[in-house]
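As structure tokens, the structure follows; a few thoughts come after it.
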Amino acid sequence: MSFPKKCKEDVGLEDSPYLLHPYVATLVTTKNKDGKANVLAVAWIIPVSVNPPCLALCIRPQRHSYRLLMENPEFVVNIPEYALATKVLYCGRRSGRDHDKFNETGLLQGDAKVVSVPIIEQCIAHIECRLERTVEIGDHILCVGRVVAAYALRTHFNKKYNLAVYKPVLHLRENVFTTTNEKAEDLTHVLEGR
Ligand SMILES: Cc1cc2nc3c(=O)[nH]c(=O)nc-3n(C[C@H](O)[C@H](O)[C@H](O)COP(=O)(O)O)c2cc1C
């Protein structure tokens with residue numbers, strides 16, 4: 001049986017990352033050595049080892065969070081639900097250099113189990129990490145973290161996510177998000193105060 005050949009158009013090399021989306025958008029918390037915490041949205045994040053448990057996030061060195069990570073090499077990956085999508089967008093479009101994103105979004109800090117960096121209480125799962133190594137790759141830095149604690153709401157995660165309950169924040173591109181079983185929603189109006 002022959003497969004009907006269809007024509008596929010070049011998307012442009014700079015658009016190639018978006019062929020891998022949607023990615024689950026996470027909220028990553030960091031804290032400087034004086035104790036001030038920050039949060040940014042991170043979609044480029046993957047597990048890279050099971051034993052020892054490690055994950056890697058890709059962040060641009062210009063991010064305020066990267067500076068904090070260099071000061072205090074710990075971070076928490078917080079998993080939000082779709083109900084928090086507008087806050088994820090806000091944390092991904094404003095910098096902690098000139099914004100207190102916790103105050104401005106109402107995201108609440110809580111104590112982590114192992115690291116000094118706070119968790120975000122409204123998120124449904126948390127992965128605490130110690131930064132082990134960084135690798136410069138083009139315009140991003142691959143930050144490899146050793147997982148030191150991981151916990152989740154039992155209603156949402158029991159070995160695997162329960163998609164009847166958990167609605168992930170899925171990032172398509174720019175300010176466009178979707179979740180499971182729903183249409184993509186452009187959240188730009190939130191930034192413009194409409
Ligand atoms: C959904 C979403 C995902 C993002 N993913 C990443 C990412 O993987 N890496 C990165 O460097 N920036 C990413 N960003 C951009 C940062 O979150 C953004 O520049 C943020 O304002 C940086 O905050 P900071 O300067 O307080 O660290 C993302 C933005 C959004 C909205």
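Numbering starts fresh at 1 for the residues of each chain in the structure tokens, the chains themselves are lettered A, B, ... in the order given, and ligands are numbered from 1 as they appear.
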Please find the residues contacting ligand 1 at a distance of at most 6 Å between atoms, with only C-alpha atoms and all ligand atoms counted, and report them as a list in words.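 Selection of residues at most 6 Å from ligand 1: Ala25, Leu40, Ala41, Val42, Ala43, Trp44, Cys58, Ile59, Arg60, Arg63, His64, Ser65, Leu89, Cys91, Gly92, Arg93, Arg94, Ser95, Gly96 and His171 of chain A.
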All residues 10 Å or closer to A:Glu104, only C-alpha atoms, same chain fewer than 4 positions away omitted, as a PDB file with N, CA, C and O atoms, in the first residue's frame:
ATOM      1  N   LYS A  87      -1.821  34.224  34.834  1.00  0.00           N
ATOM      2  CA  LYS A  87      -0.690  34.526  35.737  1.00  0.00           C
ATOM      3  C   LYS A  87       0.610  33.982  35.148  1.00  0.00           C
ATOM      4  O   LYS A  87       1.675  34.598  35.291  1.00  0.00           O
ATOM      5  N   TYR A  90       1.661  36.493  32.617  1.00  0.00           N
ATOM      6  CA  TYR A  90       2.213  37.680  33.282  1.00  0.00           C
ATOM      7  C   TYR A  90       3.655  37.425  33.744  1.00  0.00           C
ATOM      8  O   TYR A  90       4.559  38.238  33.488  1.00  0.00           O
ATOM      9  N   CYS A  91       3.860  36.273  34.362  1.00  0.00           N
ATOM     10  CA  CYS A  91       5.213  35.949  34.862  1.00  0.00           C
ATOM     11  C   CYS A  91       6.191  35.715  33.723  1.00  0.00           C
ATOM     12  O   CYS A  91       7.404  35.777  33.912  1.00  0.00           O
ATOM     13  N   HIS A  99       9.577  44.266  38.648  1.00  0.00           N
ATOM     14  CA  HIS A  99       8.228  43.881  39.100  1.00  0.00           C
ATOM     15  C   HIS A  99       8.331  42.890  40.252  1.00  0.00           C
ATOM     16  O   HIS A  99       9.191  42.008  40.226  1.00  0.00           O
ATOM     17  N   ASP A 100       7.422  43.057  41.227  1.00  0.00           N
ATOM     18  CA  ASP A 100       7.268  42.010  42.237  1.00  0.00           C
ATOM     19  C   ASP A 100       6.106  41.154  41.752  1.00  0.00           C
ATOM     20  O   ASP A 100       4.931  41.460  41.976  1.00  0.00           O
TER      21      ASP A 100
END
Can you work out the spacing between atom CA of A:Asn38 and atom CA of A:Val169 in Å, to one decimal?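 So the answer is 19.7 Å.
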Rank nothing, just name the residue among A:Ile120, A:Ile79, A:Ile137, A:Cys54 nearest to A:Val24, using only C-alpha atoms. A:Ile79
I'd like the interatomic distance between atom CA of A:Leu27 and atom CA of A:Val76, to a tenth of an Å.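 Value for the atom CA of A:Leu27-atom CA of A:Val76 distance: 8.2 Å.
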Could you work out how far atom CA of A:Phe177 lies from atom CA of A:His189, giving the answer in Å with one decimal?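 Value for the atom CA of A:His189-atom CA of A:Phe177 distance: 12.9 Å.
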Would you please give, as a PyMOL selection string, all residues of stretch 26-147 of chain A that DSSP assigns to alpha helix (DSSP H) based on the backbone? chain A and resi 64-71+85-93+101-105
May I have a table of the residues of stretch 30-118 of chain A lying at most 8 Å from stretch 156-168 of chain A, giving each one's closest pair of atoms and their distance in Å to one decimal, counting only C-alpha atoms, ordered by chain and ascending residue number, as CSV?
residue,atom,partner,partner_atom,distance
A:Pro80,CA,A:Pro168,CA,7.0
A:Glu81,CA,A:Pro168,CA,5.1
A:Tyr82,CA,A:Pro168,CA,5.4
Across A:Thr179, A:Thr155, A:Ser116, A:Gln62, the smallest distance to A:Glu128, with only C-alpha atoms counted, is shown by A:Ser116
